[in-house]
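S.K.: File run03.cif below, mmCIF, C-alpha atoms and all ligand atoms:
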```cif
data_start
#
loop_
_atom_site.label_atom_id
_atom_site.label_comp_id
_atom_site.auth_asym_id
_atom_site.auth_seq_id
_atom_site.Cartn_x
_atom_site.Cartn_y
_atom_site.Cartn_z
CA MET A 1 45.22 76.27 -50.97
CA GLU A 2 46.93 79.63 -51.03
CA TYR A 3 49.97 80.42 -53.13
CA ILE A 4 52.63 83.10 -52.92
CA TYR A 5 54.79 84.48 -55.67
CA ILE A 6 58.47 85.25 -55.37
CA GLY A 7 58.88 87.24 -58.55
CA ASN A 8 57.13 85.00 -61.06
CA VAL A 9 57.76 81.78 -59.11
CA LYS A 10 54.54 80.31 -57.71
CA ILE A 11 54.92 78.55 -54.36
CA LYS A 12 52.30 76.82 -52.22
CA LYS A 13 51.85 78.61 -48.92
CA THR A 14 52.64 75.62 -46.71
CA ALA A 15 56.21 75.19 -45.41
CA ALA A 16 59.58 75.43 -47.15
CA LEU A 17 62.73 73.47 -46.34
CA ALA A 18 65.52 75.69 -44.99
CA PRO A 19 69.01 75.51 -46.48
CA MET A 20 71.25 73.38 -44.26
CA ALA A 21 74.86 72.70 -45.17
CA SER A 22 75.88 69.05 -44.69
CA VAL A 23 72.28 68.08 -43.97
CA ALA A 24 69.83 69.28 -46.62
CA ASP A 25 71.69 67.85 -49.60
CA ARG A 26 69.99 66.72 -52.81
CA ALA A 27 68.69 63.47 -51.28
CA TYR A 28 67.24 65.36 -48.33
CA ARG A 29 65.63 67.98 -50.53
CA ILE A 30 64.07 65.40 -52.83
CA LEU A 31 62.71 63.50 -49.85
CA CYS A 32 61.27 66.57 -48.09
CA ARG A 33 59.81 67.87 -51.33
CA SER A 34 58.10 64.50 -51.87
CA PHE A 35 56.57 64.84 -48.40
CA GLY A 36 55.18 68.27 -49.23
CA ALA A 37 57.92 70.85 -48.59
CA CYS A 38 56.77 73.56 -50.97
CA TYR A 39 60.15 75.07 -51.78
CA THR A 40 63.77 74.02 -51.28
CA VAL A 41 67.08 75.87 -51.06
CA SER A 42 70.53 74.42 -51.72
CA GLU A 43 73.33 74.29 -49.20
CA LEU A 44 75.40 77.47 -49.25
CA ILE A 45 77.79 77.64 -52.20
CA SER A 46 80.93 79.79 -52.21
CA SER A 47 80.98 82.36 -55.00
CA LYS A 48 84.78 82.23 -55.01
CA GLY A 49 84.68 78.44 -55.16
CA LEU A 50 82.42 78.73 -58.20
CA CYS A 51 84.72 81.21 -59.89
CA TYR A 52 87.81 79.10 -59.23
CA ASN A 53 86.06 76.10 -60.75
CA ASP A 54 85.78 74.10 -57.57
CA LYS A 55 85.25 70.46 -58.54
CA LYS A 56 82.20 70.33 -56.25
CA THR A 57 80.38 72.96 -58.37
CA ALA A 58 78.26 70.60 -60.42
CA GLU A 59 77.38 68.47 -57.41
CA LEU A 60 76.28 71.53 -55.47
CA CYS A 61 74.56 73.40 -58.28
CA THR A 62 72.65 70.73 -60.16
CA VAL A 63 68.91 71.28 -59.78
CA THR A 64 66.74 68.24 -60.37
CA GLU A 65 63.07 68.48 -61.32
CA LYS A 66 62.13 66.72 -58.07
CA GLU A 67 63.49 69.61 -55.98
CA ARG A 68 61.70 72.45 -57.75
CA PRO A 69 60.76 75.14 -57.01
CA MET A 70 64.32 75.47 -55.78
CA ALA A 71 66.86 78.17 -55.08
CA LEU A 72 70.62 77.94 -55.31
CA GLN A 73 72.16 79.81 -52.41
CA ILE A 74 75.48 81.61 -52.83
CA PHE A 75 77.67 83.47 -50.39
CA GLY A 76 80.61 85.81 -50.59
CA ASP A 77 81.74 89.33 -49.76
CA ASP A 78 82.74 90.62 -53.17
CA PRO A 79 80.07 91.91 -55.58
CA GLU A 80 82.15 90.97 -58.63
CA PHE A 81 82.71 87.38 -57.49
CA MET A 82 79.06 87.14 -56.50
CA LYS A 83 78.04 88.32 -59.95
CA ARG A 84 80.28 85.78 -61.66
CA GLY A 85 79.17 83.09 -59.23
CA ALA A 86 75.55 83.92 -60.02
CA GLU A 87 76.28 83.61 -63.74
CA ILE A 88 77.73 80.14 -63.18
CA CYS A 89 74.72 79.14 -61.05
CA MET A 90 72.39 80.24 -63.82
CA LYS A 91 73.79 77.54 -66.10
CA TYR A 92 72.05 75.07 -63.76
CA SER A 93 68.65 76.78 -64.18
CA PRO A 94 67.58 77.39 -60.59
CA ASP A 95 64.14 78.91 -60.09
CA ILE A 96 65.53 81.48 -57.66
CA LEU A 97 68.96 82.69 -56.54
CA ASP A 98 69.27 83.17 -52.79
CA ILE A 99 72.07 85.13 -51.14
CA ASN A 100 73.31 84.03 -47.73
CA MET A 101 73.69 86.94 -45.35
CA GLY A 102 72.90 84.99 -42.20
CA CYS A 103 75.55 82.32 -41.78
CA PRO A 104 77.25 82.74 -38.38
CA VAL A 105 80.16 80.29 -38.73
CA PRO A 106 83.64 81.80 -38.26
CA LYS A 107 84.99 80.51 -41.58
CA VAL A 108 82.31 82.54 -43.36
CA VAL A 109 81.98 85.67 -41.20
CA ASN A 110 85.76 86.08 -40.87
CA ASN A 111 85.76 86.60 -44.62
CA ASN A 112 83.12 89.32 -44.29
CA SER A 113 80.46 87.04 -45.76
CA GLY A 114 77.25 85.55 -44.36
CA SER A 115 75.90 87.48 -41.38
CA ALA A 116 78.95 89.81 -41.40
CA LEU A 117 77.20 91.57 -44.29
CA MET A 118 74.54 92.74 -41.84
CA LYS A 119 77.23 95.10 -40.52
CA ASP A 120 77.89 96.53 -43.98
CA ILE A 121 74.55 97.39 -45.56
CA ASP A 122 76.10 99.28 -48.49
CA ARG A 123 78.15 96.26 -49.52
CA ALA A 124 75.15 93.97 -49.03
CA CYS A 125 73.16 96.21 -51.40
CA GLU A 126 75.96 96.18 -53.98
CA ILE A 127 75.95 92.39 -53.84
CA VAL A 128 72.19 92.19 -54.41
CA LYS A 129 72.44 94.60 -57.35
CA ALA A 130 75.36 92.67 -58.84
CA VAL A 131 73.56 89.32 -58.57
CA LYS A 132 70.32 90.85 -59.87
CA SER A 133 72.12 92.25 -62.91
CA VAL A 134 72.88 88.76 -64.24
CA SER A 135 70.32 86.47 -62.65
CA GLY A 136 67.24 86.62 -64.86
CA VAL A 137 65.41 84.84 -62.02
CA PRO A 138 64.15 86.26 -58.72
CA VAL A 139 66.83 87.05 -56.15
CA THR A 140 66.21 86.58 -52.43
CA VAL A 141 68.29 87.31 -49.34
CA LYS A 142 68.37 85.22 -46.17
CA PHE A 143 69.61 86.92 -43.03
CA ARG A 144 69.20 87.10 -39.26
CA LYS A 145 67.73 89.44 -36.68
CA GLY A 146 71.06 91.27 -36.61
CA TRP A 147 74.70 90.78 -35.74
CA SER A 148 74.37 91.02 -31.95
CA ARG A 149 71.97 92.11 -29.25
CA ASP A 150 73.36 95.62 -29.59
CA SER A 151 72.95 95.78 -33.34
CA VAL A 152 69.52 94.39 -34.18
CA ASN A 153 68.89 95.81 -37.64
CA ALA A 154 66.79 93.26 -39.53
CA VAL A 155 64.08 95.82 -40.32
CA GLU A 156 66.46 98.41 -41.77
CA PHE A 157 68.40 95.65 -43.51
CA ALA A 158 65.28 94.15 -45.09
CA ALA A 159 64.18 97.54 -46.41
CA ALA A 160 67.64 98.09 -47.91
CA MET A 161 67.57 94.65 -49.55
CA GLU A 162 64.19 95.39 -51.07
CA GLN A 163 65.44 98.75 -52.30
CA ALA A 164 68.46 97.04 -53.88
CA GLY A 165 66.16 94.71 -55.79
CA ALA A 166 65.59 91.62 -53.62
CA ASP A 167 62.38 89.83 -54.62
CA ALA A 168 61.87 88.32 -51.15
CA VAL A 169 63.66 88.15 -47.81
CA ALA A 170 63.99 85.25 -45.38
CA VAL A 171 64.54 86.11 -41.74
CA HIS A 172 65.84 83.81 -39.01
CA GLY A 173 64.82 85.44 -35.73
CA ARG A 174 68.19 85.11 -33.97
CA THR A 175 71.25 87.32 -33.97
CA LYS A 176 74.58 86.04 -35.27
CA ASP A 177 75.90 86.04 -31.69
CA GLN A 178 73.11 83.74 -30.61
CA MET A 179 74.13 81.15 -33.22
CA TYR A 180 71.37 78.60 -32.48
CA SER A 181 70.87 79.30 -28.76
CA GLY A 182 67.85 80.88 -27.10
CA THR A 183 64.61 81.16 -28.97
CA ALA A 184 63.99 82.75 -32.34
CA ASP A 185 62.27 86.12 -32.09
CA ARG A 186 59.04 86.18 -34.06
CA ASP A 187 58.36 89.81 -33.33
CA ILE A 188 61.31 90.88 -35.48
CA ILE A 189 59.86 88.88 -38.38
CA LYS A 190 56.54 90.70 -37.87
CA GLN A 191 58.35 94.04 -37.92
CA VAL A 192 60.14 93.09 -41.15
CA LYS A 193 56.84 92.05 -42.70
CA GLN A 194 55.37 95.43 -41.85
CA ALA A 195 58.36 97.26 -43.31
CA VAL A 196 58.64 95.70 -46.78
CA SER A 197 56.28 94.85 -49.59
CA VAL A 198 58.17 91.86 -51.03
CA PRO A 199 57.32 88.41 -49.57
CA VAL A 200 58.82 87.62 -46.18
CA ILE A 201 59.86 84.09 -45.27
CA GLY A 202 59.69 83.46 -41.52
CA ASN A 203 62.22 81.06 -40.04
CA GLY A 204 63.31 79.79 -36.65
CA ASP A 205 62.17 77.06 -34.27
CA ILE A 206 59.14 75.81 -36.19
CA ASP A 207 58.85 72.25 -34.92
CA SER A 208 55.21 71.28 -35.45
CA LEU A 209 52.08 72.15 -37.38
CA GLU A 210 51.00 74.29 -34.43
CA SER A 211 54.20 76.30 -34.35
CA CYS A 212 54.03 76.72 -38.12
CA LEU A 213 50.52 78.16 -37.80
CA ASP A 214 51.78 80.34 -34.97
CA MET A 215 54.57 81.65 -37.23
CA TYR A 216 51.94 82.65 -39.81
CA ASP A 217 49.59 84.14 -37.23
CA THR A 218 52.06 86.09 -35.13
CA THR A 219 54.26 87.45 -37.89
CA GLY A 220 51.96 87.69 -40.91
CA CYS A 221 54.84 86.21 -42.92
CA ASP A 222 54.19 84.96 -46.44
CA LEU A 223 55.95 81.62 -46.09
CA ALA A 224 57.18 79.53 -43.19
CA MET A 225 60.57 77.81 -43.44
CA ILE A 226 61.67 74.76 -41.44
CA GLY A 227 65.18 73.50 -40.79
CA ARG A 228 66.15 71.32 -37.86
CA ALA A 229 62.69 70.00 -37.05
CA SER A 230 62.84 68.04 -40.30
CA TYR A 231 65.78 65.93 -39.11
CA GLY A 232 64.56 62.34 -39.48
CA ASN A 233 61.14 63.90 -39.80
CA PRO A 234 60.11 64.77 -43.36
CA PHE A 235 56.61 63.93 -42.07
CA ILE A 236 56.36 67.45 -40.66
CA PHE A 237 55.92 68.71 -44.23
CA ASP A 238 53.20 66.13 -44.87
CA GLU A 239 51.34 67.22 -41.75
CA ILE A 240 51.50 70.90 -42.73
CA ASP A 241 50.66 70.26 -46.38
CA SER A 242 47.73 68.02 -45.37
CA TYR A 243 46.40 70.72 -43.07
CA PHE A 244 46.43 73.36 -45.79
CA SER A 245 45.07 70.94 -48.40
CA GLY A 246 42.25 69.87 -46.09
CA LYS A 247 43.44 66.25 -46.25
CA PRO A 248 43.51 63.92 -43.24
CA TYR A 249 46.98 63.32 -41.78
CA THR A 250 48.08 60.15 -40.04
CA PRO A 251 51.31 60.30 -38.03
CA PRO A 252 53.86 57.73 -39.20
CA THR A 253 53.99 54.32 -37.57
CA ILE A 254 57.38 52.85 -36.67
CA GLU A 255 57.17 50.71 -39.81
CA LYS A 256 56.66 53.85 -41.89
CA ARG A 257 59.56 55.60 -40.20
CA MET A 258 61.87 52.69 -40.92
CA GLU A 259 60.63 52.51 -44.51
CA VAL A 260 61.34 56.22 -45.00
CA MET A 261 64.73 55.90 -43.30
CA LEU A 262 65.68 53.24 -45.86
CA LYS A 263 64.25 55.32 -48.69
CA HIS A 264 66.31 58.28 -47.49
CA ILE A 265 69.51 56.22 -47.34
CA GLY A 266 68.72 54.88 -50.82
CA LEU A 267 68.39 58.46 -52.09
CA ILE A 268 71.71 59.41 -50.48
CA LEU A 269 73.43 56.50 -52.23
CA GLU A 270 71.75 57.30 -55.55
CA ASN A 271 72.54 60.99 -55.46
CA SER A 272 76.02 60.94 -54.04
CA LEU A 273 79.03 60.92 -56.30
CA LYS A 274 80.95 59.18 -53.52
CA LYS A 275 81.39 55.44 -53.24
CA GLU A 276 78.93 53.56 -51.01
CA SER A 277 81.13 53.36 -47.90
CA LEU A 278 81.74 57.14 -47.94
CA ALA A 279 78.13 58.00 -48.75
CA MET A 280 77.09 55.75 -45.86
CA LYS A 281 79.15 57.89 -43.51
CA GLU A 282 76.89 60.81 -44.47
CA ALA A 283 73.81 58.61 -44.10
CA ARG A 284 74.60 57.59 -40.49
CA LYS A 285 73.47 60.79 -38.81
CA HIS A 286 70.23 60.72 -40.77
CA ALA A 287 69.60 57.10 -39.78
CA ALA A 288 70.11 58.02 -36.11
CA TRP A 289 67.59 60.86 -36.39
CA TYR A 290 64.88 58.44 -37.58
CA LEU A 291 65.37 56.40 -34.40
CA LYS A 292 64.27 59.14 -32.03
CA GLY A 293 61.72 57.72 -29.62
CA VAL A 294 61.90 54.10 -30.75
CA TYR A 295 62.26 51.39 -28.13
CA GLY A 296 65.99 51.02 -27.27
CA ALA A 297 66.85 54.16 -29.26
CA ALA A 298 70.19 54.81 -27.51
CA SER A 299 71.76 51.48 -28.42
CA PHE A 300 70.29 51.51 -31.93
CA ARG A 301 71.67 55.00 -32.44
CA ASN A 302 75.14 53.77 -31.49
CA ARG A 303 74.74 51.07 -34.11
CA CYS A 304 74.20 53.77 -36.73
CA CYS A 305 77.88 54.74 -36.42
CA THR A 306 78.79 51.34 -37.84
CA LEU A 307 76.49 51.29 -40.89
CA GLU A 308 78.53 50.48 -43.99
CA SER A 309 75.83 49.63 -46.54
CA LEU A 310 72.12 49.77 -47.29
CA ASP A 311 71.94 46.11 -46.25
CA ASP A 312 73.31 47.03 -42.81
CA ALA A 313 70.58 49.66 -42.55
CA LYS A 314 67.93 47.13 -43.57
CA LYS A 315 69.09 44.77 -40.81
CA LEU A 316 69.00 47.61 -38.31
CA ALA A 317 65.45 48.51 -39.37
CA GLU A 318 64.34 44.90 -38.91
CA GLU A 319 65.83 44.81 -35.42
CA VAL A 320 64.20 48.10 -34.49
CA LEU A 321 60.81 46.72 -35.57
CA LYS A 322 61.40 43.46 -33.69
CA ALA A 323 62.36 45.34 -30.50
CA ALA A 324 59.30 47.55 -30.82
CA GLU A 325 57.08 44.49 -31.26
CA ASN A 326 58.59 42.76 -28.22
CA ALA A 327 58.11 45.91 -26.17
CA GLY A 328 54.51 46.16 -27.32
CA GLN A 329 55.31 49.45 -29.07
CA LYS A 330 53.73 48.33 -32.34
C1 LIG B 401 73.30 72.13 -39.88
C2 LIG B 401 72.80 73.47 -40.35
C3 LIG B 401 73.28 73.98 -41.54
C4 LIG B 401 72.82 75.22 -42.00
N1 LIG B 401 73.26 75.68 -43.21
C5 LIG B 401 72.73 76.83 -43.72
C6 LIG B 401 73.07 77.27 -45.03
O1 LIG B 401 73.84 76.63 -45.76
N2 LIG B 401 72.52 78.43 -45.46
C7 LIG B 401 71.65 79.16 -44.69
O2 LIG B 401 71.15 80.22 -45.13
N3 LIG B 401 71.29 78.75 -43.47
C8 LIG B 401 71.81 77.60 -42.97
N4 LIG B 401 71.39 77.16 -41.75
C9 LIG B 401 70.36 77.91 -41.00
C10 LIG B 401 68.96 77.36 -41.31
O3 LIG B 401 68.63 77.57 -42.67
C11 LIG B 401 67.90 78.02 -40.42
O4 LIG B 401 67.95 79.40 -40.64
C12 LIG B 401 68.11 77.75 -38.93
O5 LIG B 401 68.41 76.39 -38.71
C13 LIG B 401 66.87 78.13 -38.12
O6 LIG B 401 65.74 77.39 -38.52
P1 LIG B 401 65.20 76.12 -37.68
O7 LIG B 401 65.00 76.58 -36.27
O8 LIG B 401 63.94 75.72 -38.36
O9 LIG B 401 66.28 75.07 -37.75
C14 LIG B 401 71.86 75.95 -41.25
C15 LIG B 401 71.40 75.42 -40.05
C16 LIG B 401 71.85 74.19 -39.60
C17 LIG B 401 71.30 73.66 -38.31
#
```
Translate the structure of the given file into structure tokens.
Ligand SMILES: Cc1cc2nc3c(=O)[nH]c(=O)nc-3n(C[C@H](O)[C@H](O)[C@H](O)COP(=O)(O)O)c2cc1C

M.R.:
Amino acid sequence: MEYIYIGNVKIKKTAALAPMASVADRAYRILCRSFGACYTVSELISSKGLCYNDKKTAELCTVTEKERPMALQIFGDDPEFMKRGAEICMKYSPDILDINMGCPVPKVVNNNSGSALMKDIDRACEIVKAVKSVSGVPVTVKFRKGWSRDSVNAVEFAAAMEQAGADAVAVHGRTKDQMYSGTADRDIIKQVKQAVSVPVIGNGDIDSLESCLDMYDTTGCDLAMIGRASYGNPFIFDEIDSYFSGKPYTPPTIEKRMEVMLKHIGLILENSLKKESLAMKEARKHAAWYLKGVYGAASFRNRCCTLESLDDAKKLAEEVLKAAENAGQK
């Protein structure tokens, strides 16, 4: 097994879980980590929200042992707020602080944060320096290929981030304008890798062991990072971890998928500060993702919108297994 170091943080060179707001919450991170994700990153956290004592701060910033090694990810456009936000994050003892300079959503870029910072390299550098000055842990920056097709600057940007003190960079091979359309460009990740000496995390469209290996081979990146392909599929981390550990991997049966779906919902209920009915609303989309490919998936997925409790989910799982058995899928 190979390891990489981000600063002094040792990470298995397998596959990391990408930060995903409203998806990769604490329950999701704990689950993926238990399946072999080697590193996790929190959902993006507003530096201004932190400074104004947003009541969600503790929920967003708490780092449990089961998620480590883990980064807290902050965003913002103002170096001073980012510095104060980083100081608040540090009270929660993250292993790494990650700065979001890749988010494409209007609410974020219209405030000159997220990927808008790719258009203002000087400010981006000031932010890295400000966060570095108080962090005491490695600082990383996650960004995209560039703002638009006409302003692809990931290589220059990465070099500037390194110069400003970033201990690693994560690159999603799409421009901000692409949002999530088209395919992620792996060549830009390769170019970034050649341009900097800090570790490079390669991200975008990894959806299998094969495409993870391809990310390593074609870009030379130090760590692969997976987002959407883990929806209802924490098994992808097991497959990749097994490969690198030289252990046999068995794809999950339907029984296993249902068992993990229920475990996931249990984790959501355990880790959410919301009451069960509200936490179940969050759990519904996850439940639906676990049903991909099962017999009668469309109607079972519709049922997910009505789940009100873990018991409802258990009944659904039983019916899915029964339908699979009747259809000879088991
Ligand atoms: C629902 C969703 C939420 C996301 N939230 C964040 C976020 O909070 N911070 C961030 O840096 N990237 C965020 N991303 C981008 C992912 O981390 C990742 O860069 C992107 O999904 C590409 O990787 P993939 O093809 O493996 O999904 C988000 C992506 C999705 C789909």

S.K.: Calculate how many Å separate atom CA of Ala298 of chain A from atom N3 of ligand LIG 401 (chain B), rounding to one decimal.

M.R.: 28.8 Å

S.K.: Rounded to one decimal, what separation in Å do you get between atom CA of Phe157 of chain A and atom C3 of ligand LIG 401 (chain B)?

M.R.: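 It comes out at 22.3 Å.
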
S.K.: When distances are computed from all atoms listed in the file, which of A:Gly204, A:Arg303, A:Lys176, A:Tyr290 shows the smallest separation from Val109 of chain A?

M.R.: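 Under the stated criterion, the closest residue is A:Lys176.
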
S.K.: If we count only C-alpha atoms and set the cut-off at 12 Å, which residues sit around Tyr216 of chain A, ignoring sequence neighbours fewer than 5 positions away in its own chain? Please answer as a list in words.

M.R.: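 Close residues of Tyr216 of chain A: Lys13, Thr14, Ala15, Arg186, Asp187, Ile189, Lys190, Lys193, Val200, Ile201, Gly202, Asn203, Ile206, Leu209, Glu210, Ser211, Cys221, Asp222, Leu223, Ala224 and Met225 of chain A.
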
S.K.: Quick one, how far is atom CA of Ala287 of chain A from atom CA of Asn271 of chain A?

M.R.: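 Taking atom CA of Ala287 of chain A and atom CA of Asn271 of chain A, their separation equals 16.4 Å.
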
S.K.: Distance limit 9 Å, reference ligand LIG 401 (chain B), atoms considered: all atoms listed in the file. Which residues make the cut? Give them as an NGL selection string.

M.R.: :A and (17-24 or 41-45 or 73-75 or 98-104 or 114 or 141-144 or 170-174 or 179-180 or 183-184 or 203-207 or 225-230)

S.K.: Could you list, as a PyMOL selection string, every residue within 8 Å of Leu316 of chain A, counting all atoms listed in the file and ignoring same-chain residues fewer than 4 positions away?

M.R.: chain A and resi 300+303+312+320

S.K.: Choose the residue, out of A:Asn233, A:Asp77, A:Ser34, A:Met82, that has the smallest atom-to-atom separation from Glu65 of chain A; count all atoms listed in the file.

M.R.: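 For Glu65 of chain A, the nearest of the given residues is A:Ser34.
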
S.K.: Looking at all atoms listed in the file, which of A:Gly76, A:Gly296, A:Pro138, A:Gly146 is the one that sits closest to Glu325 of chain A?

M.R.: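 Under the stated criterion, the closest residue is A:Gly296.
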
S.K.: For Val294 of chain A, work out the shell of residues within 12 Å, counting all atoms listed in the file and skipping chain neighbours fewer than 2 positions away, then give it as an MDAnalysis selection string.

M.R.: chainID A and resid 253:255 257:258 288:292 296:301 317 319:325 327:330

S.K.: Pick out the residues sitting within 9 Å of Ile240 of chain A, and hand them over as number ranges by chain; count only C-alpha atoms, and ignore anything fewer than 4 positions along from it in its own chain.

M.R.: A: 14-15, 36-37, 208-210, 212-213, 235-236, 244-245, 249

S.K.: Between segment 59-137 of chain A and segment 4-9 of chain A, at 8 Å or less, what are the per-residue closest atom pairs and their distances in Å? Count all atoms listed in the file, order by chain and rising residue number, and return it as a tab-separated table.

M.R.:
```
residue	atom	partner	partner_atom	distance
A:Pro69	CA	A:Val9	CA	7.6
A:Asp95	CA	A:Val9	CA	7.1
A:Ile96	CA	A:Val9	CA	7.9
A:Val137	CA	A:Gly7	CA	7.8
```

S.K.: When you look at Met90 of chain A with a cut-off of 10 Å (counting only C-alpha atoms), what residues show up, excluding the ones that are within fewer than 6 positions of it in the same chain? I need them as a ChimeraX atom specification.

M.R.: /A:61,72,84,96-97,134-137

S.K.: Go through A:Gln194, A:Phe35, A:Arg26, A:Thr219 and flag the residue nearest Val260 of chain A, using only C-alpha atoms for the distances.

M.R.: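 Of the candidates, the smallest distance to Val260 of chain A is held by A:Phe35.
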
S.K.: Let me make sure I understand: among A:Glu87, A:Glu126, A:Asp120, A:Asp241, which one has the smallest atom-to-atom distance to Cys38 of chain A if we use all atoms listed in the file?

M.R.: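 Closest to Cys38 of chain A of all the choices is A:Asp241.
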
S.K.: Smallest atom-to-atom distance to Ile88 of chain A: which of A:Lys107, A:Cys51, A:Pro248, A:Ala71, using all atoms listed in the file?

M.R.: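 Of all the options, A:Cys51 lies closest to Ile88 of chain A.
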
S.K.: Reconstruct all heavy atoms of segment 3-10 of chain A; output as a compact mmCIF listing (two decimals), in the frame of the given file.

M.R.:
```
# COMPACT_ATOMS: atom_id res chain seq x y z
N TYR A 3 48.64 80.40 -52.52
CA TYR A 3 49.97 80.42 -53.13
C TYR A 3 50.61 81.78 -52.91
O TYR A 3 49.90 82.77 -52.73
CB TYR A 3 49.87 80.16 -54.64
CG TYR A 3 49.45 78.74 -54.95
CD1 TYR A 3 48.11 78.38 -54.98
CD2 TYR A 3 50.40 77.75 -55.19
CE1 TYR A 3 47.71 77.07 -55.25
CE2 TYR A 3 50.02 76.44 -55.46
CZ TYR A 3 48.68 76.11 -55.49
OH TYR A 3 48.31 74.82 -55.74
N ILE A 4 51.94 81.80 -52.91
CA ILE A 4 52.63 83.10 -52.92
C ILE A 4 53.48 83.14 -54.17
O ILE A 4 53.78 82.10 -54.78
CB ILE A 4 53.50 83.32 -51.66
CG1 ILE A 4 54.71 82.37 -51.65
CG2 ILE A 4 52.70 83.16 -50.38
CD1 ILE A 4 55.93 83.01 -51.02
N TYR A 5 53.88 84.32 -54.53
CA TYR A 5 54.79 84.48 -55.67
C TYR A 5 56.07 85.16 -55.20
O TYR A 5 56.01 86.20 -54.54
CB TYR A 5 54.15 85.36 -56.75
CG TYR A 5 53.13 84.60 -57.58
CD1 TYR A 5 51.80 84.53 -57.18
CD2 TYR A 5 53.52 83.94 -58.75
CE1 TYR A 5 50.88 83.81 -57.91
CE2 TYR A 5 52.60 83.21 -59.49
CZ TYR A 5 51.28 83.16 -59.08
OH TYR A 5 50.36 82.46 -59.81
N ILE A 6 57.19 84.54 -55.53
CA ILE A 6 58.47 85.25 -55.37
C ILE A 6 58.87 85.60 -56.80
O ILE A 6 59.18 84.70 -57.59
CB ILE A 6 59.53 84.37 -54.67
CG1 ILE A 6 59.08 84.05 -53.23
CG2 ILE A 6 60.88 85.08 -54.68
CD1 ILE A 6 60.03 83.19 -52.43
N GLY A 7 58.77 86.88 -57.13
CA GLY A 7 58.88 87.24 -58.55
C GLY A 7 57.77 86.51 -59.27
O GLY A 7 56.60 86.57 -58.88
N ASN A 8 58.15 85.75 -60.30
CA ASN A 8 57.13 85.00 -61.06
C ASN A 8 57.05 83.54 -60.61
O ASN A 8 56.40 82.73 -61.26
CB ASN A 8 57.45 85.07 -62.56
CG ASN A 8 58.85 84.52 -62.85
OD1 ASN A 8 59.59 84.20 -61.91
ND2 ASN A 8 59.20 84.40 -64.11
N VAL A 9 57.74 83.18 -59.54
CA VAL A 9 57.76 81.78 -59.11
C VAL A 9 56.62 81.53 -58.12
O VAL A 9 56.54 82.15 -57.05
CB VAL A 9 59.12 81.40 -58.46
CG1 VAL A 9 59.12 79.96 -58.00
CG2 VAL A 9 60.25 81.66 -59.44
N LYS A 10 55.74 80.60 -58.52
CA LYS A 10 54.54 80.31 -57.71
C LYS A 10 54.87 79.23 -56.69
O LYS A 10 55.41 78.17 -57.05
CB LYS A 10 53.44 79.83 -58.66
CG LYS A 10 52.10 79.64 -58.03
CD LYS A 10 51.10 79.22 -59.11
CE LYS A 10 49.72 79.00 -58.53
NZ LYS A 10 48.76 78.51 -59.52
```
